[in-house]
Structure formats: structure tokens, C-alpha cells
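Next comes target18.cif, with mmCIF, C-alpha atoms.
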data_data
#
loop_
_atom_site.label_atom_id
_atom_site.label_comp_id
_atom_site.auth_asym_id
_atom_site.auth_seq_id
_atom_site.Cartn_x
_atom_site.Cartn_y
_atom_site.Cartn_z
CA MET A 1 35.69 10.83 20.14
CA ASN A 2 34.74 7.55 18.50
CA ILE A 3 31.15 7.25 17.36
CA ALA A 4 30.01 3.77 16.32
CA ILE A 5 26.85 3.36 14.25
CA LEU A 6 25.59 -0.22 14.12
CA LEU A 7 24.29 -1.42 10.77
CA TYR A 8 22.31 -4.56 10.00
CA GLU A 9 20.20 -5.83 7.12
CA ARG A 10 16.95 -3.86 6.64
CA PHE A 11 17.89 -0.91 8.83
CA THR A 12 16.10 2.36 8.03
CA ALA A 13 18.57 4.70 6.36
CA LEU A 14 17.49 8.04 7.83
CA ASP A 15 17.63 6.62 11.38
CA ALA A 16 21.38 6.30 10.92
CA ILE A 17 22.16 9.12 8.49
CA GLY A 18 20.31 11.89 10.33
CA PRO A 19 22.44 11.56 13.49
CA TYR A 20 25.57 10.81 11.44
CA GLU A 21 25.16 14.13 9.61
CA VAL A 22 25.05 15.97 12.95
CA LEU A 23 27.55 14.02 15.03
CA SER A 24 30.19 13.77 12.30
CA ARG A 25 30.45 17.58 12.48
CA LEU A 26 31.48 17.57 16.15
CA PRO A 27 35.08 18.70 16.64
CA GLY A 28 37.32 15.65 16.93
CA ALA A 29 34.57 13.22 16.01
CA SER A 30 35.31 10.04 14.12
CA VAL A 31 32.25 8.15 12.90
CA ALA A 32 32.46 4.47 11.95
CA PHE A 33 29.73 2.26 10.51
CA LEU A 34 30.01 -1.24 11.97
CA ALA A 35 28.29 -4.54 11.31
CA ALA A 36 28.59 -8.13 12.47
CA GLN A 37 29.52 -8.92 8.87
CA PRO A 38 31.39 -5.95 7.37
CA GLY A 39 30.53 -5.21 3.77
CA PRO A 40 27.43 -4.07 1.92
CA VAL A 41 24.29 -3.70 4.03
CA ARG A 42 20.88 -3.18 2.45
CA THR A 43 18.30 -0.81 3.85
CA ASP A 44 14.69 -1.74 4.62
CA ASN A 45 13.25 -1.10 1.16
CA GLY A 46 16.09 -2.71 -0.78
CA CYS A 47 16.79 0.46 -2.80
CA LEU A 48 19.99 1.48 -1.04
CA THR A 49 23.20 -0.24 -0.01
CA VAL A 50 25.61 1.25 2.50
CA LEU A 51 29.04 -0.16 3.30
CA ALA A 52 29.80 -1.24 6.85
CA GLU A 53 33.54 -0.71 6.68
CA HIS A 54 34.28 -2.06 10.14
CA SER A 55 33.55 -5.16 12.14
CA LEU A 56 32.26 -5.05 15.70
CA GLN A 57 35.69 -6.18 16.88
CA ASP A 58 37.25 -3.11 15.30
CA MET A 59 35.68 -0.90 17.94
CA PRO A 60 35.01 -2.61 21.26
CA GLN A 61 34.89 0.63 23.28
CA PRO A 62 33.31 3.48 21.33
CA ASP A 63 32.49 6.69 23.17
CA VAL A 64 29.09 6.95 21.50
CA VAL A 65 27.01 3.98 20.31
CA LEU A 66 24.11 4.60 17.96
CA VAL A 67 21.57 1.95 16.93
CA PRO A 68 19.15 2.73 14.10
CA GLY A 69 15.77 1.05 13.77
CA GLY A 70 14.02 -0.78 11.00
CA PRO A 71 10.91 -2.78 10.20
CA GLY A 72 10.20 -6.27 11.44
CA ASP A 73 12.08 -8.15 14.11
CA VAL A 74 14.99 -5.75 14.43
CA ALA A 75 16.75 -7.67 17.21
CA GLU A 76 16.81 -10.73 15.00
CA HIS A 77 18.01 -8.70 12.02
CA ALA A 78 20.79 -7.23 14.16
CA GLY A 79 21.70 -10.71 15.39
CA PRO A 80 23.17 -12.13 18.60
CA ALA A 81 26.74 -10.95 17.90
CA ALA A 82 25.50 -7.36 17.73
CA LEU A 83 23.57 -7.76 20.99
CA ASP A 84 26.69 -9.14 22.70
CA TRP A 85 28.73 -6.26 21.31
CA LEU A 86 26.16 -3.74 22.55
CA ARG A 87 26.26 -5.14 26.06
CA GLU A 88 30.04 -4.87 26.12
CA ALA A 89 30.22 -1.48 24.44
CA HIS A 90 27.62 -0.09 26.85
CA ARG A 91 29.89 -0.87 29.82
CA THR A 92 32.37 1.81 28.78
CA SER A 93 30.38 4.09 26.47
CA THR A 94 29.78 7.72 27.36
CA TRP A 95 26.46 7.66 25.51
CA THR A 96 24.41 4.68 24.31
CA THR A 97 21.75 5.82 21.87
CA SER A 98 19.05 4.62 19.50
CA VAL A 99 16.66 5.98 16.91
CA CYS A 100 13.16 4.64 16.20
CA THR A 101 12.91 0.87 16.76
CA GLY A 102 16.63 0.80 17.48
CA SER A 103 15.42 1.05 21.08
CA LEU A 104 13.92 -2.44 20.68
CA ILE A 105 17.44 -3.68 19.96
CA LEU A 106 18.84 -1.94 23.03
CA ALA A 107 15.97 -3.47 25.02
CA ALA A 108 16.61 -6.93 23.58
CA ALA A 109 20.21 -6.57 24.73
CA GLY A 110 18.88 -5.90 28.23
CA LEU A 111 20.04 -2.30 28.30
CA LEU A 112 16.66 -0.64 28.86
CA ASP A 113 15.37 -2.66 31.83
CA GLY A 114 13.31 -0.22 33.89
CA ARG A 115 14.64 2.76 31.96
CA ARG A 116 12.57 5.58 30.48
CA ALA A 117 12.87 5.27 26.72
CA THR A 118 11.08 6.03 23.48
CA SER A 119 10.68 4.48 20.04
CA HIS A 120 8.58 4.76 16.90
CA TRP A 121 5.02 5.57 17.99
CA LEU A 122 3.80 2.24 16.65
CA ALA A 123 6.38 0.34 18.73
CA MET A 124 5.72 1.67 22.22
CA GLU A 125 3.89 -1.41 23.47
CA GLU A 126 6.64 -3.66 22.18
CA LEU A 127 9.13 -1.46 24.01
CA ARG A 128 7.17 -1.97 27.22
CA ARG A 129 7.01 -5.72 26.64
CA LEU A 130 10.80 -5.73 26.45
CA GLY A 131 11.15 -4.16 29.88
CA ALA A 132 11.47 -0.43 29.28
CA GLN A 133 9.22 2.37 30.52
CA PRO A 134 7.87 3.85 27.28
CA VAL A 135 7.70 7.64 27.18
CA SER A 136 5.93 9.49 24.36
CA GLU A 137 8.59 12.16 23.93
CA ARG A 138 10.73 12.94 20.93
CA VAL A 139 14.05 12.50 22.72
CA VAL A 140 14.47 10.76 26.07
CA PHE A 141 17.59 10.99 28.22
CA ASP A 142 17.90 8.41 31.03
CA GLY A 143 21.39 8.58 32.42
CA LYS A 144 23.73 7.88 29.56
CA VAL A 145 21.04 6.16 27.50
CA VAL A 146 19.36 8.38 24.93
CA THR A 147 16.51 7.20 22.74
CA ALA A 148 14.72 9.02 19.93
CA ALA A 149 11.24 8.59 18.48
CA GLY A 150 10.64 7.48 14.88
CA VAL A 151 13.11 7.89 12.01
CA SER A 152 13.52 11.68 11.68
CA ALA A 153 13.74 12.17 15.47
CA GLY A 154 17.38 11.09 15.31
CA ILE A 155 18.29 14.56 14.02
CA ASP A 156 16.78 16.25 17.07
CA MET A 157 18.42 13.70 19.35
CA ALA A 158 21.82 14.21 17.78
CA LEU A 159 21.59 17.99 18.17
CA ALA A 160 20.64 17.60 21.84
CA LEU A 161 23.54 15.20 22.28
CA ALA A 162 25.91 17.54 20.44
CA ALA A 163 24.99 20.26 22.93
CA ARG A 164 25.75 17.97 25.88
CA ILE A 165 29.06 16.91 24.33
CA ALA A 166 30.38 20.18 22.94
CA GLY A 167 28.13 22.96 24.24
CA ASP A 168 25.25 24.95 22.86
CA THR A 169 27.26 27.12 20.50
CA VAL A 170 28.78 24.18 18.67
CA ALA A 171 25.39 22.44 18.47
CA GLN A 172 23.81 25.63 17.08
CA ALA A 173 26.63 25.97 14.55
CA ILE A 174 25.98 22.42 13.39
CA GLN A 175 22.26 23.13 13.18
CA LEU A 176 22.96 26.22 11.09
CA GLY A 177 25.46 24.30 8.97
CA ILE A 178 22.84 21.73 8.02
CA GLU A 179 20.26 24.53 7.83
CA TYR A 180 17.91 22.65 10.12
CA ASP A 181 15.06 25.13 10.22
CA PRO A 182 12.28 22.62 9.65
CA GLN A 183 9.19 23.72 7.75
CA PRO A 184 7.20 20.60 6.99
CA PRO A 185 4.26 21.31 4.67
CA PHE A 186 1.87 19.62 7.11
CA ASP A 187 1.58 19.29 10.88
CA ALA A 188 1.08 15.55 10.68
CA GLY A 189 4.27 14.14 12.16
CA SER A 190 2.80 12.71 15.34
CA PRO A 191 -0.33 10.61 15.98
CA ARG A 192 -1.51 13.40 18.30
CA LYS A 193 -1.39 15.92 15.47
CA ALA A 194 -2.17 14.04 12.25
CA PRO A 195 -5.79 13.78 11.01
CA ALA A 196 -7.49 10.68 12.41
CA GLU A 197 -7.85 9.10 8.97
CA VAL A 198 -4.12 9.49 8.36
CA VAL A 199 -3.31 7.81 11.67
CA GLU A 200 -5.68 5.01 10.76
CA LEU A 201 -4.13 4.73 7.30
CA VAL A 202 -0.65 4.38 8.75
CA ARG A 203 -1.82 1.93 11.40
CA SER A 204 -3.56 -0.31 8.91
CA ARG A 205 -2.00 -0.04 5.51
CA SER A 206 -0.17 2.80 3.84
CA PRO A 207 2.69 3.45 1.44
CA ARG A 208 5.30 1.12 2.93
CA VAL A 209 4.85 2.85 6.24
CA GLN A 210 2.91 0.09 7.94
CA GLU A 211 5.85 -2.21 7.33
CA GLU A 212 7.98 0.10 9.45
CA VAL A 213 7.60 -1.73 12.69
CA ALA A 214 5.45 -4.67 11.67
CA ARG A 215 6.40 -7.84 13.47
CA MET B 216 7.55 6.09 -10.94
CA ASN B 217 11.33 6.07 -11.37
CA ILE B 218 13.26 8.33 -9.02
CA ALA B 219 16.95 8.80 -9.82
CA ILE B 220 19.30 10.17 -7.16
CA LEU B 221 22.64 11.28 -8.56
CA LEU B 222 25.70 10.41 -6.47
CA TYR B 223 29.24 11.71 -6.85
CA GLU B 224 32.36 11.80 -4.69
CA ARG B 225 32.02 14.05 -1.62
CA PHE B 226 28.25 14.43 -1.74
CA THR B 227 26.56 15.24 1.58
CA ALA B 228 24.74 12.14 2.79
CA LEU B 229 21.64 13.72 4.35
CA ASP B 230 20.97 15.76 1.18
CA ALA B 231 20.28 12.47 -0.58
CA ILE B 232 18.98 10.27 2.24
CA GLY B 233 16.40 12.71 3.61
CA PRO B 234 14.43 12.87 0.34
CA TYR B 235 15.08 9.17 -0.37
CA GLU B 236 13.43 8.26 2.96
CA VAL B 237 10.32 10.23 1.96
CA LEU B 238 10.07 9.53 -1.77
CA SER B 239 10.80 5.80 -1.49
CA ARG B 240 7.55 5.50 0.50
CA LEU B 241 5.41 6.83 -2.36
CA PRO B 242 3.14 4.15 -3.80
CA GLY B 243 4.77 2.67 -6.90
CA ALA B 244 8.05 4.48 -6.36
CA SER B 245 11.33 2.92 -7.38
CA VAL B 246 14.42 4.77 -6.19
CA ALA B 247 17.80 4.22 -7.84
CA PHE B 248 21.15 5.70 -6.86
CA LEU B 249 23.17 6.49 -9.99
CA ALA B 250 26.72 7.67 -10.62
CA ALA B 251 28.93 8.27 -13.63
CA GLN B 252 31.07 5.44 -12.26
CA PRO B 253 28.85 2.90 -10.51
CA GLY B 254 30.30 1.44 -7.34
CA PRO B 255 31.27 2.81 -3.94
CA VAL B 256 30.90 6.58 -3.51
CA ARG B 257 32.34 8.38 -0.49
CA THR B 258 30.53 11.16 1.29
CA ASP B 259 32.03 14.58 2.06
CA ASN B 260 33.70 13.68 5.35
CA GLY B 261 35.08 10.32 4.23
CA CYS B 262 33.29 8.43 7.03
CA LEU B 263 30.59 6.82 4.91
CA THR B 264 30.46 4.91 1.65
CA VAL B 265 27.26 4.36 -0.28
CA LEU B 266 26.91 2.14 -3.34
CA ALA B 267 25.79 3.66 -6.60
CA GLU B 268 24.27 0.52 -8.06
CA HIS B 269 23.40 2.01 -11.43
CA SER B 270 25.15 3.93 -14.17
CA LEU B 271 23.69 7.06 -15.72
CA GLN B 272 22.95 5.03 -18.86
CA ASP B 273 20.76 2.68 -16.83
CA MET B 274 18.15 5.39 -16.42
CA PRO B 275 18.09 7.97 -19.21
CA GLN B 276 14.50 9.09 -18.56
CA PRO B 277 13.65 9.09 -14.85
CA ASP B 278 10.40 10.66 -13.72
CA VAL B 279 12.08 12.42 -10.81
CA VAL B 280 15.72 13.55 -10.76
CA LEU B 281 17.30 14.49 -7.43
CA VAL B 282 20.74 16.07 -7.07
CA PRO B 283 22.30 16.32 -3.60
CA GLY B 284 24.87 18.94 -2.70
CA GLY B 285 28.26 18.80 -1.10
CA PRO B 286 31.26 20.96 -0.22
CA GLY B 287 33.69 22.45 -2.70
CA ASP B 288 33.29 22.57 -6.46
CA VAL B 289 30.29 20.30 -6.70
CA ALA B 290 29.90 20.61 -10.49
CA GLU B 291 33.47 19.41 -10.89
CA HIS B 292 32.92 16.59 -8.41
CA ALA B 293 29.81 15.53 -10.30
CA GLY B 294 31.72 15.68 -13.58
CA PRO B 295 30.81 16.44 -17.20
CA ALA B 296 29.08 13.10 -17.83
CA ALA B 297 26.65 13.82 -15.00
CA LEU B 298 25.96 17.32 -16.34
CA ASP B 299 25.25 15.86 -19.79
CA TRP B 300 22.97 13.25 -18.26
CA LEU B 301 21.11 15.94 -16.27
CA ARG B 302 20.46 18.00 -19.41
CA GLU B 303 19.04 14.95 -21.16
CA ALA B 304 17.07 13.66 -18.19
CA HIS B 305 15.56 17.10 -17.62
CA ARG B 306 13.99 17.04 -21.11
CA THR B 307 11.59 14.29 -20.11
CA SER B 308 11.50 14.45 -16.30
CA THR B 309 8.32 15.27 -14.44
CA TRP B 310 10.33 16.86 -11.64
CA THR B 311 13.97 17.97 -11.59
CA THR B 312 15.10 18.64 -8.03
CA SER B 313 18.09 19.48 -5.88
CA VAL B 314 19.02 19.82 -2.24
CA CYS B 315 21.57 22.29 -0.82
CA THR B 316 24.41 23.01 -3.26
CA GLY B 317 22.94 20.43 -5.62
CA SER B 318 21.33 23.51 -7.18
CA LEU B 319 24.81 24.67 -8.22
CA ILE B 320 25.07 21.45 -10.25
CA LEU B 321 21.69 22.05 -11.89
CA ALA B 322 22.85 25.61 -12.61
CA ALA B 323 26.16 24.42 -14.04
CA ALA B 324 24.18 22.16 -16.36
CA GLY B 325 22.30 25.27 -17.53
CA LEU B 326 18.99 24.19 -16.06
CA LEU B 327 18.42 27.17 -13.76
CA ASP B 328 18.97 30.05 -16.20
CA GLY B 329 16.62 32.82 -15.07
CA ARG B 330 14.77 30.45 -12.74
CA ARG B 331 13.87 31.11 -9.11
CA ALA B 332 15.90 28.68 -7.02
CA THR B 333 17.46 28.18 -3.62
CA SER B 334 20.56 26.56 -2.14
CA HIS B 335 22.55 26.39 1.08
CA TRP B 336 22.45 29.89 2.62
CA LEU B 337 26.20 30.24 2.14
CA ALA B 338 25.90 29.47 -1.59
CA MET B 339 23.29 31.99 -2.71
CA GLU B 340 25.73 34.36 -4.40
CA GLU B 341 27.33 31.48 -6.27
CA LEU B 342 23.87 30.43 -7.39
CA ARG B 343 23.29 33.94 -8.77
CA ARG B 344 26.67 33.91 -10.52
CA LEU B 345 25.58 30.72 -12.29
CA GLY B 346 22.49 32.39 -13.74
CA ALA B 347 19.67 31.58 -11.32
CA GLN B 348 17.50 34.01 -9.35
CA PRO B 349 18.33 33.11 -5.73
CA VAL B 350 15.37 33.01 -3.35
CA SER B 351 15.83 32.68 0.41
CA GLU B 352 13.06 30.16 0.92
CA ARG B 353 13.27 26.63 2.22
CA VAL B 354 11.69 25.00 -0.83
CA VAL B 355 11.28 26.74 -4.18
CA PHE B 356 9.06 25.46 -6.99
CA ASP B 357 9.64 26.99 -10.43
CA GLY B 358 7.70 24.99 -12.96
CA LYS B 359 8.99 21.44 -12.74
CA VAL B 360 12.24 22.49 -11.09
CA VAL B 361 12.25 22.22 -7.29
CA THR B 362 15.19 23.30 -5.17
CA ALA B 363 15.69 23.01 -1.41
CA ALA B 364 17.85 24.99 0.99
CA GLY B 365 20.73 23.42 2.94
CA VAL B 366 21.04 19.71 3.77
CA SER B 367 18.02 19.00 6.01
CA ALA B 368 15.67 21.03 3.76
CA GLY B 369 15.48 18.05 1.43
CA ILE B 370 13.04 16.39 3.82
CA ASP B 371 10.63 19.31 3.62
CA MET B 372 11.04 19.46 -0.16
CA ALA B 373 10.35 15.76 -0.55
CA LEU B 374 7.16 15.98 1.52
CA ALA B 375 5.95 18.94 -0.56
CA LEU B 376 6.77 16.96 -3.69
CA ALA B 377 5.05 13.84 -2.33
CA ALA B 378 1.89 15.92 -1.87
CA ARG B 379 2.04 17.15 -5.47
CA ILE B 380 2.63 13.62 -6.76
CA ALA B 381 0.27 11.58 -4.60
CA GLY B 382 -1.92 14.02 -2.70
CA ASP B 383 -1.95 15.45 0.80
CA THR B 384 -3.16 12.31 2.57
CA VAL B 385 -0.33 10.17 1.26
CA ALA B 386 2.22 12.88 2.07
CA GLN B 387 0.84 13.18 5.59
CA ALA B 388 0.94 9.40 6.01
CA ILE B 389 4.58 9.41 4.99
CA GLN B 390 5.29 12.27 7.41
CA LEU B 391 3.61 10.32 10.20
CA GLY B 392 5.44 7.14 9.18
CA ILE B 393 8.82 8.83 9.60
CA GLU B 394 7.44 10.67 12.64
CA TYR B 395 8.55 14.01 11.25
CA ASP B 396 7.39 16.26 14.07
CA PRO B 397 10.58 18.28 14.33
CA GLN B 398 11.60 19.60 17.73
CA PRO B 399 15.12 20.94 17.37
CA PRO B 400 16.62 21.92 20.74
CA PHE B 401 17.52 25.37 19.38
CA ASP B 402 16.00 27.83 16.93
CA ALA B 403 19.27 28.29 15.11
CA GLY B 404 18.69 26.66 11.75
CA SER B 405 18.72 29.78 9.62
CA PRO B 406 21.06 32.77 9.53
CA ARG B 407 18.03 34.96 10.27
CA LYS B 408 17.37 33.08 13.50
CA ALA B 409 20.74 31.91 14.85
CA PRO B 410 22.68 34.11 17.27
CA ALA B 411 25.02 36.47 15.42
CA GLU B 412 28.13 34.82 16.87
CA VAL B 413 26.96 31.43 15.63
CA VAL B 414 26.41 32.80 12.13
CA GLU B 415 29.86 34.33 12.25
CA LEU B 416 31.32 31.07 13.52
CA VAL B 417 29.81 29.11 10.66
CA ARG B 418 30.83 31.74 8.12
CA SER B 419 34.42 31.81 9.27
CA ARG B 420 35.40 28.54 10.82
CA SER B 421 33.41 25.90 12.61
CA PRO B 422 33.18 22.14 13.05
CA ARG B 423 33.54 21.06 9.45
CA VAL B 424 30.64 23.29 8.56
CA GLN B 425 32.62 26.02 6.84
CA GLU B 426 33.89 23.44 4.40
CA GLU B 427 30.30 22.82 3.35
CA VAL B 428 30.25 25.15 0.41
CA ALA B 429 33.79 26.53 0.43
CA ARG B 430 35.20 26.95 -3.04
#
Mind turning this structure into C-alpha cells?
Amino acid sequence: MNIAILLYERFTALDAIGPYEVLSRLPGASVAFLAAQPGPVRTDNGCLTVLAEHSLQDMPQPDVVLVPGGPGDVAEHAGPAALDWLREAHRTSTWTTSVCTGSLILAAAGLLDGRRATSHWLAMEELRRLGAQPVSERVVFDGKVVTAAGVSAGIDMALALAARIAGDTVAQAIQLGIEYDPQPPFDAGSPRKAPAEVVELVRSRSPRVQEEVAR
Amino acid sequence: MNIAILLYERFTALDAIGPYEVLSRLPGASVAFLAAQPGPVRTDNGCLTVLAEHSLQDMPQPDVVLVPGGPGDVAEHAGPAALDWLREAHRTSTWTTSVCTGSLILAAAGLLDGRRATSHWLAMEELRRLGAQPVSERVVFDGKVVTAAGVSAGIDMALALAARIAGDTVAQAIQLGIEYDPQPPFDAGSPRKAPAEVVELVRSRSPRVQEEVAR
């Protein structure tokens, strides 16, 4: 099973690495990081460089496509060649997936027209503008298109996908292998749960967070 | 605030990237990925290459040190130069931290002697053998040494650390920014919670998981 993770300048690292850590543990899985220009790709904050070891042409028909998000105009950062590749890859993929504002890239490629989908909580209106039906859920399945909410939601999505692909026992074994028994110190991970002043802080200006989906 | 994340061949990507995604959002934070040999570093499964853009000499006195884990003999993979660097860096660090079997590297450097610490659930006996007092908790603070359980626990550790460094509001804003409102599809992330056959599967042989801490 070929799993293709699309990289582009200023992607958010955890959007890609969370699902990679889960999906790479599926029996028979082969994960490849692709980019329009293979080579070093910098993440959103400039602190980390990951190698895209493959070009888009290297894998025209992956079984699973995964598109991470990032701050700013992600469809522009991904570029037209990536959008063309996504349209083609989606024709034959078993699963086409995104994390966070990666769904804005799928939408820009025309793959979410009329579909139920999710994104980072700050990007839901933009998702609607691009033709999708935004749904405030952590993981949204619509046919073979699977979208996850912001950044860390990619881990939950990948486990749900692992269960669909290889069954519950394998997915649980992967969860146990990565010891995913989350115990965040606060219950502040969603705008419905976080204190109002924290939501306001993130909306307006906060430690690099506000940049997340700023356009 | 300088945050140094140690890389070495066959490290587990999420061990490093989970905390990076949290800590890089702290106000004034600068995150650097270091290795004994700067340049491309491959992760445990060979699917991903990350650049270590700095040498150990580039940052002799980081404020925060973070050591990810990996499968196999992690202290050997990290190498003697990294252990020497850790001993020196620990003298002046504000926080010395690890994720998963990264604690075995801290222990091999002599930094966990008699300390309460945690690790991947499959590595607790090895942690004891190396002189630490193993504790089956997700995040363990012992003075300025902070250790996290397996792989995904680094996210919880980093949020707890963010709160100590910058206060609860900033930590909550970071949590909301990465939308960390975990909803795993199963409650199987700890050996105390997973079905017995899943625990047995992971202990014996499972999708690449058993390799995680095999020695």
C-alpha cells in the first residue's frame, strides 16, 4: 500500500508527521514524502527542514494521499503542479485525506465540492467559501475523502483510517505502540472547551498560533 | 529561549515533532535540531529524512534539551559524542527532557541515576537497569528532568512544560492552536487499557511496533 504525503513550503510539521507515525506502521505500508520540487522543504516556522525524497511524478497513483495544512495561502504554497497531481491521484486513490488547512488545498483542487469536510477551527468559513460543507467534527469521512481538524487531529484520523484499512486490532496495536493514551494538562483543545479569553487570544494574537491560518 | 532537539539515526519522528510543534509556539522560543553529524538524519522506518542543521558544538548551553526515542540500542545510535554533550548541556539547562526511549539515552549519560522517570511501556525494565526509578505515568517531573511515556506522550509533556515556562494561558492557547482535543477511536493507548490480545500482539509481534524498543 503506497501512502503519499504531499509536502510544500511552510507546511505544519505535525499535520504530516502525526499520520505518518500511525500509517507507516500498517502492515505492508510504504510511505513517501513528495513535493513538486523534491529536496529540502521548510516548515511553517522555519525551524525544521524535511526532505521530500520524491517528485509528484514518482507516484502518480498512490493508494492513500495525505495533504497537511499550514498557515497562509496554502493552495498557493502547494502550487498548481500539486493541485494538478491531486486531481489525478484522487481518480484512483483508495483514500484522499487532509489534516488541518490541508482541506483548503483539497478544496482548491476541486475535490471537496459539496462534500462534508473539516479543517482547523479558524478556517471553517474559508472551507465553505471554497465549496465544501464545513462540519465541526474532529474527523470527517465522506466517501473516500477523509478530513481532520487542526494539526493534532491527524493522529486521530490516521487511527480511524488504519482501522478501516487493516481492522480494529491492528489499529489498536498501533495506538498501543505509540502509547496514544492522551492526557493533556488542560481541556482547552477546542473553541467550545477553552476559556473564552484563550479563544480570543488565539483569534487575535497569540504565540505564533494566529499565523496558523492567517490569509 | 533556546530549545535543542537531539537527532540521531533511527529516531522516532513523532517523539521529536510532537514537542517541537508545541514548544516552537512559545513566545521567544528558538528551536534547533542538532546531531553529532549535522546533515540528513533518517527516522526509524527509513521513510523520512529530517535535516539536523546544527552540530552539538553550535549549542553547548541550551535552555531546554529534548531527546527523542527510537527502536533498538538508542544510546549506541545516539553515540558517545551526544552523551558527552548531554552531560555538559544538563549542567546549565533549565529543563532536560526526553520522550519514549529517549529516557534510556538520558540514563546512559548518567542523568537519571536514582531519579523518577518514565519511558515507553515496553522499556521500563531497561530504564530500571540503567539506574532510574521507573514510574508508569505519562509525564514525570523530577526536578528539572522531565520524561514522557511512549511516542505521542511528548505532546502532553510539552504542554505541561509550556505551562511551567510561560503560564497556563499560553499553554492553553498553544493547545487550542494545534486543536489538541484528542478523540482516539479506541481506548487502547496503554497496556492497562488495551485488550489483552492487543497487548500480547504488541509484545510479541505486530506492525513494526515490536521493533520499537527491541534490543
Note to self: Which residue is closest to chain B? Choose from A:Pro71, A:Pro195, A:Gly102, A:Pro184 and count all atoms listed in the file.
What the structure shows: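 Smallest distance to chain B is found for A:Pro184.
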Notebook entry, point to check: Using all atoms listed in the file, which residue out of B:Gly243, B:Leu374, B:Lys359, B:Thr309 lies closest to Leu391 (chain B)?
Noted result: B:Leu374
Check: Residues picked by the PyMOL selection byres ((chain A and resi 190) around 8) here, as a PyMOL selection string?
Finding: (chain A and resi 121+188-189+191-194) or (chain B and resi 391+394-396)
Checklist line | Among the residues B:Ala338, B:Leu281, B:Ala381, B:Leu263, the one that comes closest to Ala219 (chain B) [using only C-alpha atoms] | finding: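 For Ala219 (chain B), the nearest of the given residues is B:Leu281.
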Note to self: For Ala228 (chain B), find every residue with an atom within 9 Å (counting all atoms listed in the file), except residues of its own chain fewer than 6 positions away, and show them as a ChimeraX atom specification.
What the structure shows: /A:17-18,20-21 /B:258-259,263,265,283-285,366
Notebook entry, point to check: From the list A:Gly154, A:Pro80, A:Gly46, A:Pro27, which residue is nearest chain B when using all atoms listed in the file?
Noted result: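 Looking only at the distances to chain B, the closest residue turns out to be A:Pro27.
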Next item on the list: Quick one: everything within 10 Å of Gln252 (chain B), counting all atoms listed in the file, minus sequence neighbours fewer than 6 positions away in the same chain. Send it as a ChimeraX atom specification.
Entry: /B:222-224,267-271,296-297
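Distance check against Asp357 (chain B) using only C-alpha atoms: of B:Ala332, B:Leu342, B:Val385, B:Leu229, the minimum falls on B:Ala332.
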Next item on the list: Considering only C-alpha atoms, state which residue in the set A:Asn2, A:Ser103, A:Ser136, A:Ser24 is at the smallest distance from chain B.
Entry: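 Closest candidate: A:Ser24.
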Next item on the list: Determine the residue membership of the PyMOL selection byres ((chain B and resi 377) around 12) for the file above and supply it as a VMD selection string.
Entry: (chain A and resid 184 to 186 207) or (chain B and resid 216 218 234 to 242 244 279 310 369 to 376 378 to 390)
Margin query: Which residues are near Asp113 (chain A)? Cut-off 12 Å, all atoms listed in the file, ignore same chain within fewer than 4 positions. Put them as number ranges by chain.
Written below: A: 103-104, 106-109, 117, 127-134, 142, 145
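The space separating CA of Leu266 (chain B) from CA of Val246 (chain B) comes to 13.1 Å.
From CA of Pro277 (chain B) back to CA of Gly325 (chain B), the distance works out to 18.5 Å.
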Might I get the box with edges along x, y and z of the file that holds all atoms of region 160-170 of chain A listed there, padded by 3 Å on every side, given as centre and edge lengths in Å to one decimal, as JSON?
{"center_x": 25.5, "center_y": 21.2, "center_z": 22.3, "size_x": 15.7, "size_y": 17.9, "size_z": 13.2}
Next item on the list: Tell me, in Å to one decimal, how far CA of Arg418 (chain B) is from CA of His335 (chain B).
Entry: 12.1 Å
Notebook entry, point to check: Which polymer residues have any atom within 6 Å of an atom of Val361 (chain B), counting all atoms listed in the file, with same-chain residues fewer than 3 positions away left out, as a VMD selection string?
Noted result: chain B and resid 312 355 to 356
Put region 57-71 of chain A into a file with N, CA and C atoms, as a CSV table (one decimal), in the first residue's frame.
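out.csv written:
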chain,number,residue,atom,x,y,z
A,57,GLN,N,5.7,13.1,-9.9
A,57,GLN,CA,5.7,12.1,-11.0
A,57,GLN,C,6.1,10.7,-10.5
A,58,ASP,N,6.9,10.7,-9.4
A,58,ASP,CA,7.3,9.4,-8.9
A,58,ASP,C,6.1,8.5,-8.5
A,59,MET,N,5.0,9.1,-8.1
A,59,MET,CA,3.9,8.3,-7.6
A,59,MET,C,2.6,8.9,-8.1
A,60,PRO,N,2.2,8.6,-9.3
A,60,PRO,CA,1.0,9.1,-9.9
A,60,PRO,C,-0.3,8.5,-9.3
A,61,GLN,N,-0.2,7.3,-8.8
A,61,GLN,CA,-1.4,6.6,-8.3
A,61,GLN,C,-1.2,6.0,-6.9
A,62,PRO,N,-1.0,6.8,-5.9
A,62,PRO,CA,-0.9,6.3,-4.6
A,62,PRO,C,-2.2,5.7,-4.1
A,63,ASP,N,-2.2,4.8,-3.2
A,63,ASP,CA,-3.4,4.3,-2.6
A,63,ASP,C,-4.0,5.3,-1.6
A,64,VAL,N,-3.1,5.9,-0.8
A,64,VAL,CA,-3.6,6.9,0.1
A,64,VAL,C,-2.8,8.2,-0.1
A,65,VAL,N,-3.6,9.3,-0.2
A,65,VAL,CA,-3.0,10.6,-0.4
A,65,VAL,C,-3.2,11.4,0.9
A,66,LEU,N,-2.2,12.0,1.4
A,66,LEU,CA,-2.4,12.9,2.6
A,66,LEU,C,-1.8,14.2,2.4
A,67,VAL,N,-2.6,15.3,2.7
A,67,VAL,CA,-2.2,16.7,2.5
A,67,VAL,C,-2.2,17.4,3.8
A,68,PRO,N,-1.1,17.8,4.3
A,68,PRO,CA,-1.0,18.5,5.6
A,68,PRO,C,-1.4,20.0,5.3
A,69,GLY,N,-1.7,20.7,6.4
A,69,GLY,CA,-2.0,22.1,6.3
A,69,GLY,C,-0.8,23.0,6.6
A,70,GLY,N,-1.1,24.3,6.8
A,70,GLY,CA,-0.1,25.3,7.1
A,70,GLY,C,-0.7,26.6,7.2
A,71,PRO,N,0.0,27.6,7.6
A,71,PRO,CA,-0.5,29.0,7.6
A,71,PRO,C,-0.5,29.6,6.3
